[in-house]
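Student: Sending over a structure as structure tokens; questions will come in a sec.
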Amino acid sequence: MERLAFLVSDKLRERLIARHKISSDLSARLTVLARERTTMELLGEGASEEQIARLVRQLWKTGRLTPTIILRPICTGETQFFQDAMARSANMTVDTVNRLLRDEGARAFDDLFRSAGLPGGLRGPLRAAVDRARELLRHGAAPSRAEFTRDMINGVMSRMESDAEPPRRHDYGAADLEFVLARLAA
């Protein structure tokens with residue numbers, strides 16, 4: 001599955017460079033995001049825990065378990081993938097990761113984040129996503145995937161905005177996930 005995403009995204013990169021005169025750096029970043037999105041879409045909503053664990057292992061072995069592919073699933077409600085990816089990155093068990101994620105204190109999250117070796121610029125957005133996911137799941141109301149993603153993106157975008165800017169009302173949608181991930185990957 002991940003191999004198919006790799007082949008498709010590689011063809012996309014070649015086409016972007018040849019037809020649209022996009023720099024190789026920008027095309028590489030866009031290709032990674034497209035590959036990650038395709039990988040998650042191929043995995044599908046009804047994937048078993050074993051399928052998810054196998055994909056995370058494969059991504060880890062090939063060096064493609066990137067910070068943005070770790071952030072993407074928590075923003076779209078794929079919590080099992082997120083937990084497995086964090087466990088693999090932090091060299092912890094999924095149970096340990098779950099325990100740390102349930103702890104609402106900053107220290108538990110910071111320990112997990114540091115152990116996973118994620119870039120510092122991802123800390124705020126990832127913390128916002130974890131906090132918001134915890135809140136949404138705690139209320140027991142199961143919003144649709146689109147509603148969940150919209151709520152997650154609004155929380156992450158709010159956290160990413162500068163404190164110097166005046167407060168603004170945003171209503172980002174699920175389509176804005178690509179924008180958020182592109183900003184984080186830059």
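For the structure tokens, the naming scheme is as follows: chains receive sequential letters (A, B, ...) according to their order of presentation, residues are indexed from 1 within each chain, and ligands are indexed from 1 in presentation order.
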Applying 12 Å and only C-alpha atoms, which residues near Pro73 of chain A remain after dropping the ones on its own chain fewer than 2 positions away? List them as a ChimeraX atom specification.
Tutor: /A:36-37,39-41,43-45,52,56,65-71,75-86,126,129-130,133,145,148-149,152-153,177,181
